[in-house]
$ cat input.cif   # mmCIF, C-alpha atoms
data_run
#
loop_
_atom_site.label_atom_id
_atom_site.label_comp_id
_atom_site.auth_asym_id
_atom_site.auth_seq_id
_atom_site.Cartn_x
_atom_site.Cartn_y
_atom_site.Cartn_z
CA MET R 1090 -80.06 -33.19 -108.04
CA ARG R 1091 -81.42 -34.16 -104.63
CA LEU R 1092 -83.32 -31.57 -102.60
CA VAL R 1093 -83.74 -32.15 -98.88
CA ILE R 1094 -85.44 -29.79 -96.46
CA ALA R 1095 -84.69 -30.79 -92.88
CA ARG R 1096 -84.33 -29.51 -89.36
CA CYS R 1097 -80.64 -29.99 -88.79
CA SER R 1098 -77.49 -28.71 -87.18
CA VAL R 1099 -74.24 -28.63 -89.13
CA ASP R 1100 -70.63 -28.95 -87.98
CA TYR R 1101 -67.63 -28.43 -90.22
CA VAL R 1102 -64.50 -30.22 -89.02
CA GLY R 1103 -61.16 -29.60 -90.71
CA ARG R 1104 -58.57 -26.88 -90.91
CA LEU R 1105 -61.13 -24.75 -89.11
CA THR R 1106 -64.38 -25.57 -87.36
CA ALA R 1107 -67.81 -24.03 -87.76
CA HIS R 1108 -71.21 -24.75 -86.24
CA LEU R 1109 -74.75 -24.06 -87.39
CA PRO R 1110 -77.36 -24.60 -84.66
CA MET R 1111 -80.53 -26.61 -85.21
CA ALA R 1112 -82.90 -24.96 -87.72
CA PRO R 1113 -84.85 -25.78 -90.91
CA ARG R 1114 -82.51 -25.71 -93.91
CA LEU R 1115 -82.28 -26.72 -97.55
CA ILE R 1116 -79.63 -29.34 -98.39
CA LEU R 1117 -78.56 -29.60 -102.05
CA ILE R 1118 -76.78 -32.74 -103.21
CA LYS R 1119 -75.69 -32.32 -106.82
CA ALA R 1120 -74.69 -34.81 -109.49
CA ASP R 1121 -71.01 -33.93 -108.98
CA ASN R 1122 -71.48 -35.09 -105.33
CA SER R 1123 -71.07 -31.59 -103.92
CA VAL R 1124 -73.20 -30.82 -100.87
CA SER R 1125 -74.33 -27.37 -99.80
CA ILE R 1126 -76.58 -26.12 -96.99
CA HIS R 1127 -78.82 -23.11 -97.54
CA ALA R 1128 -81.04 -20.83 -95.46
CA ASP R 1129 -84.02 -18.88 -96.79
CA ASP R 1130 -81.91 -15.79 -97.49
CA ARG R 1131 -78.42 -14.85 -98.78
CA ALA R 1132 -79.48 -15.36 -102.40
CA PHE R 1133 -77.30 -18.13 -103.90
CA LYS R 1134 -74.60 -18.26 -101.22
CA PRO R 1135 -74.73 -21.38 -99.00
CA LEU R 1136 -74.25 -21.34 -95.24
CA ASN R 1137 -71.75 -24.18 -95.55
CA TRP R 1138 -70.69 -26.62 -98.25
CA MET R 1139 -68.32 -29.36 -99.35
CA ASN R 1140 -66.88 -29.32 -102.87
CA PRO R 1141 -66.12 -32.53 -104.78
CA PRO R 1142 -64.53 -34.98 -104.59
CA CYS R 1143 -66.51 -35.99 -101.52
CA LYS R 1144 -68.68 -38.81 -100.27
CA LEU R 1145 -71.94 -38.73 -98.31
CA ARG R 1146 -72.68 -41.41 -95.71
CA GLU R 1147 -76.17 -41.43 -94.23
CA ASP R 1148 -76.59 -43.02 -90.80
CA ASP R 1149 -79.66 -42.82 -88.58
CA GLY R 1150 -79.92 -39.15 -87.65
CA THR R 1151 -76.42 -38.26 -88.85
CA TRP R 1152 -75.09 -37.48 -92.32
CA THR R 1153 -71.35 -37.28 -92.81
CA VAL R 1154 -69.83 -35.67 -95.90
CA THR R 1155 -66.10 -36.42 -96.21
CA HIS R 1156 -63.76 -34.74 -98.67
CA GLY R 1157 -61.86 -37.29 -100.71
CA LYS R 1158 -58.51 -35.48 -100.60
CA THR R 1159 -58.33 -33.47 -97.39
CA GLY R 1160 -60.45 -35.68 -95.12
CA GLU R 1161 -62.37 -32.64 -93.87
CA LYS R 1162 -65.93 -33.38 -92.80
CA LEU R 1163 -69.33 -31.81 -92.87
CA ILE R 1164 -71.49 -33.46 -90.20
CA LEU R 1165 -75.25 -32.93 -90.33
CA THR R 1166 -77.36 -33.93 -87.35
CA ILE R 1167 -80.86 -34.50 -88.74
CA GLU R 1168 -83.75 -33.96 -86.35
CA GLU R 1169 -86.58 -34.12 -88.92
CA VAL R 1170 -86.79 -34.51 -92.70
CA LEU R 1171 -89.54 -32.30 -94.12
CA HIS R 1172 -88.96 -33.00 -97.81
CA ASP R 1173 -86.72 -35.31 -99.83
CA SER R 1174 -86.83 -35.51 -103.64
CA SER R 1175 -84.46 -36.22 -106.52
CA HIS R 1176 -84.59 -34.72 -110.00
CA GLU R 1177 -82.64 -35.44 -113.21
CA LEU R 1178 -81.70 -32.08 -114.73
CA GLY R 1179 -79.47 -33.32 -117.54
CA VAL R 1180 -76.74 -31.29 -119.22
CA ASP R 1181 -77.23 -27.56 -118.85
CA PRO R 1182 -76.87 -25.57 -122.11
CA GLY R 1183 -75.23 -22.69 -120.24
CA LEU R 1184 -76.03 -19.01 -120.04
CA GLN R 1185 -76.73 -17.32 -123.36
CA LYS R 1186 -76.34 -13.56 -123.16
CA ASP R 1187 -78.11 -11.23 -125.52
CA GLY R 1188 -75.93 -8.48 -126.93
CA VAL R 1189 -72.55 -10.13 -126.54
CA GLU R 1190 -69.66 -8.97 -128.70
CA ALA R 1191 -70.23 -11.66 -131.36
CA HIS R 1192 -73.81 -10.47 -131.85
CA LEU R 1193 -72.71 -6.86 -132.06
CA GLN R 1194 -70.05 -7.79 -134.61
CA GLU R 1195 -72.56 -9.72 -136.74
CA LEU R 1196 -75.12 -6.92 -136.65
CA LEU R 1197 -72.64 -4.15 -137.40
CA ALA R 1198 -71.17 -6.14 -140.30
CA GLU R 1199 -74.67 -6.63 -141.68
CA HIS R 1200 -75.44 -2.92 -141.31
CA ILE R 1201 -71.99 -1.48 -141.97
CA THR R 1202 -73.51 1.72 -143.37
CA THR R 1203 -74.38 2.54 -139.78
CA LEU R 1204 -70.81 3.86 -139.64
CA GLY R 1205 -71.39 6.05 -142.69
CA ASP R 1206 -73.05 6.22 -146.09
CA GLY R 1207 -71.11 4.41 -148.78
CA TRP R 1208 -69.16 2.21 -146.33
CA THR R 1209 -68.56 -1.40 -147.38
CA LEU R 1210 -67.56 -4.55 -145.53
CA VAL R 1211 -64.27 -6.25 -146.40
CA ARG R 1212 -64.66 -9.10 -143.91
CA ARG R 1213 -65.32 -10.05 -140.32
CA GLU R 1214 -62.57 -11.60 -138.18
CA TYR R 1215 -59.75 -10.30 -140.39
CA MET R 1216 -56.73 -12.27 -139.20
CA THR R 1217 -53.46 -10.68 -138.13
CA ALA R 1218 -50.37 -12.22 -136.57
CA ILE R 1219 -51.66 -11.35 -133.10
CA GLY R 1220 -55.32 -12.22 -133.56
CA PRO R 1221 -58.41 -11.30 -135.58
CA VAL R 1222 -59.67 -7.77 -136.09
CA ASP R 1223 -63.43 -7.80 -135.50
CA ILE R 1224 -64.32 -5.96 -138.74
CA LEU R 1225 -62.26 -4.68 -141.64
CA CYS R 1226 -64.17 -2.32 -143.90
CA ARG R 1227 -63.77 0.62 -146.31
CA ASP R 1228 -65.18 4.09 -145.87
CA HIS R 1229 -66.92 6.14 -148.54
CA LEU R 1230 -63.54 7.26 -149.92
CA GLY R 1231 -62.21 3.71 -150.18
CA GLY R 1232 -59.95 4.00 -147.16
CA THR R 1233 -59.37 0.92 -144.98
CA VAL R 1234 -60.86 0.95 -141.48
CA ALA R 1235 -60.34 -1.58 -138.68
CA VAL R 1236 -63.17 -1.81 -136.15
CA GLU R 1237 -62.73 -3.29 -132.66
CA ILE R 1238 -66.02 -4.10 -130.92
CA LYS R 1239 -66.64 -4.43 -127.18
CA ARG R 1240 -69.71 -4.50 -124.99
CA ARG R 1241 -67.94 -2.16 -122.58
CA GLY R 1242 -65.15 -0.08 -124.04
CA GLU R 1243 -62.19 0.24 -121.70
CA ILE R 1244 -58.52 1.15 -122.02
CA ASP R 1245 -57.39 -2.42 -122.73
CA GLY R 1246 -59.67 -2.50 -125.79
CA VAL R 1247 -58.04 0.66 -127.15
CA GLU R 1248 -54.62 -0.88 -126.54
CA GLN R 1249 -55.71 -4.00 -128.44
CA LEU R 1250 -56.89 -2.00 -131.43
CA THR R 1251 -53.67 0.05 -131.37
CA ARG R 1252 -51.62 -3.14 -131.72
CA TYR R 1253 -53.79 -4.30 -134.62
CA LEU R 1254 -53.38 -0.95 -136.39
CA GLU R 1255 -49.60 -1.07 -136.02
CA LEU R 1256 -49.55 -4.42 -137.83
CA LEU R 1257 -52.15 -3.57 -140.46
CA ASN R 1258 -50.36 -0.37 -141.44
CA ARG R 1259 -47.26 -2.40 -142.35
CA ASP R 1260 -49.23 -4.08 -145.15
CA PRO R 1261 -48.86 -1.93 -148.29
CA LEU R 1262 -51.93 -3.55 -149.86
CA ILE R 1263 -54.33 -2.06 -147.30
CA ALA R 1264 -52.42 0.80 -145.64
CA PRO R 1265 -53.16 3.39 -144.47
CA VAL R 1266 -55.63 1.86 -141.99
CA LYS R 1267 -57.72 3.97 -139.62
CA GLY R 1268 -59.29 2.64 -136.44
CA ILE R 1269 -62.75 2.74 -134.90
CA PHE R 1270 -63.38 1.66 -131.32
CA ALA R 1271 -67.04 0.64 -131.05
CA ALA R 1272 -68.90 -0.37 -127.90
CA GLN R 1273 -72.27 -0.13 -126.19
CA GLU R 1274 -70.58 1.92 -123.49
CA ILE R 1275 -67.19 3.62 -123.68
CA LYS R 1276 -65.41 4.67 -120.51
CA PRO R 1277 -64.18 8.29 -120.46
CA GLN R 1278 -60.54 7.24 -120.00
CA ALA R 1279 -60.77 4.91 -122.99
CA ARG R 1280 -62.29 7.67 -125.12
CA VAL R 1281 -59.49 10.07 -124.18
CA LEU R 1282 -56.80 7.49 -125.03
CA ALA R 1283 -58.48 6.60 -128.33
CA THR R 1284 -58.74 10.25 -129.36
CA ASP R 1285 -55.09 10.81 -128.46
CA ARG R 1286 -54.14 7.95 -130.80
CA GLY R 1287 -56.31 9.12 -133.67
CA ILE R 1288 -58.91 6.38 -133.17
CA ASP R 1289 -62.58 7.30 -133.61
CA CYS R 1290 -65.10 6.16 -130.98
CA VAL R 1291 -68.60 4.94 -131.84
CA THR R 1292 -71.30 4.14 -129.29
CA LEU R 1293 -73.44 1.24 -130.50
CA ASP R 1294 -77.14 0.89 -129.73
CA TYR R 1295 -77.90 -2.82 -129.81
CA ASP R 1296 -81.66 -2.37 -130.25
CA ALA R 1297 -81.15 0.09 -133.10
CA LEU R 1298 -78.85 -2.37 -134.89
CA ARG R 1299 -81.58 -4.99 -134.57
CA GLY R 1300 -84.06 -2.60 -136.18
CA ILE R 1301 -85.74 -1.42 -132.99
CA GLU R 1302 -85.89 2.33 -133.26
CA PRO R 1303 -84.58 4.19 -130.17
CA GLU R 1304 -86.25 7.32 -128.93
CA ASN R 1305 -82.96 9.20 -129.28
CA PRO R 1306 -80.14 8.26 -131.67
CA THR R 1307 -77.14 6.95 -129.77
CA LEU R 1308 -74.82 6.10 -132.65
CA PHE R 1309 -72.51 8.94 -133.62
#
$ encode --input "input.cif" --output "structure tokens"
Amino acid sequence: MRLVIARCSVDYVGRLTAHLPMAPRLILIKADNSVSIHADDRAFKPLNWMNPPCKLREDDGTWTVTHGKTGEKLILTIEEVLHDSSHELGVDPGLQKDGVEAHLQELLAEHITTLGDGWTLVRREYMTAIGPVDILCRDHLGGTVAVEIKRRGEIDGVEQLTRYLELLNRDPLIAPVKGIFAAQEIKPQARVLATDRGIDCVTLDYDALRGIEPENPTLF
């Protein structure tokens, strides 16, 4: 990535035109050849930019960025370069979120008795013809229970679990199968729909599942 801080004006020429008057700005030139111009505000959003494929030509006092397909141009008039440096960042590993559904599934499977004393795990990712059920387990009476896990429980998650239950209850080896809709947060509309369909709702506390005691129990 190349970082340039310069006093410049910017003109966009293409299907529409735009002009930025002369001012100090940050110019980012990334490895994918994209170019974006930033001010010292607006968080991550650039003032103007050119997505790849594009090519940068640097002449004395003028930089021209031309899009490889449309021919549109970003023309920078450089009055003064205050900083110019290049850095090799390498391949980014991507954003890793804590508490995503896979983590919740793993933790709940490991601590399945969170759902009730005497409960046992059958398996995670129990496959059906329309996709895997997050957790299949048995309650203290030996009854089969399918658990669908979401970070945020909404109506579409209830609909998904309903479809799984319809299929699972056709299998005489495990039927009857009850359903539990588990999430860190369950929307009121989803809770109403789940209750109407005979599906229990469980609010999961991620920290509690990891062994961090909450001040107030939130799993019920």
$ resolve_selection --input "input.cif" --expression "the PyMOL selection byres ((chain R and resi 1218-1222) around 10)" --output "list in words"
Arg1212, Arg1213, Glu1214, Tyr1215, Met1216, Thr1217, Asp1223, Ile1224, Leu1225, Ala1235, Val1236, Glu1237, Ile1238, Gln1249, Leu1250, Arg1252, Tyr1253, Leu1254, Leu1256 and Leu1257 of chain R
$ resolve_selection --input "input.cif" --expression "the PyMOL selection byres ((chain R and resi 1117) around 6)" --output "PyMOL selection string"
chain R and resi 1091-1092+1116+1118+1124-1125
$ write_last_selection --input "input.cif" --atoms "C-alpha atoms" --output "short mmCIF file (atom, residue, chain, number, x, y, z; two decimals), in the frame of the given file"
data_model
loop_
_atom_site.label_atom_id
_atom_site.label_comp_id
_atom_site.auth_asym_id
_atom_site.auth_seq_id
_atom_site.Cartn_x
_atom_site.Cartn_y
_atom_site.Cartn_z
CA ARG R 1091 -81.42 -34.16 -104.63
CA LEU R 1092 -83.32 -31.57 -102.60
CA ILE R 1116 -79.63 -29.34 -98.39
CA ILE R 1118 -76.78 -32.74 -103.21
CA VAL R 1124 -73.20 -30.82 -100.87
CA SER R 1125 -74.33 -27.37 -99.80
#
$ resolve_selection --input "input.cif" --expression "the PyMOL selection byres ((chain R and resi 1190) around 8)" --output "count of residues only"
9
$ atom_distance --input "input.cif" --atom1 "CA of His1200 (chain R)" --atom2 "CA of Leu1230 (chain R)"
17.9 Å
$ closest_residue --input "input.cif" --among "R:Val1102, R:Ile1263, R:Leu1171, R:Val1291" --to "Thr1159 (chain R)" --atoms "only C-alpha atoms"
R:Val1102
$ closest_residue --input "input.cif" --among "R:Thr1202, R:Thr1106, R:Asn1137, R:Thr1209" --to "Cys1226 (chain R)" --atoms "all atoms listed in the file"
R:Thr1209
$ residues_around --input "input.cif" --residues "Glu1274 (chain R)" --least-positions-apart "2" --cutoff "10 Å" --atoms "all atoms listed in the file" --output "ChimeraX atom specification"
/R:1239-1243,1271-1272,1276-1277,1291-1294
$ atom_distance --input "input.cif" --atom1 "CA of Thr1166 (chain R)" --atom2 "CA of Asp1100 (chain R)"
8.4 Å
$ closest_residue --input "input.cif" --among "R:Asp1228, R:Glu1169, R:Glu1248, R:Asp1121" --to "Asp1285 (chain R)" --atoms "all atoms listed in the file"
R:Glu1248
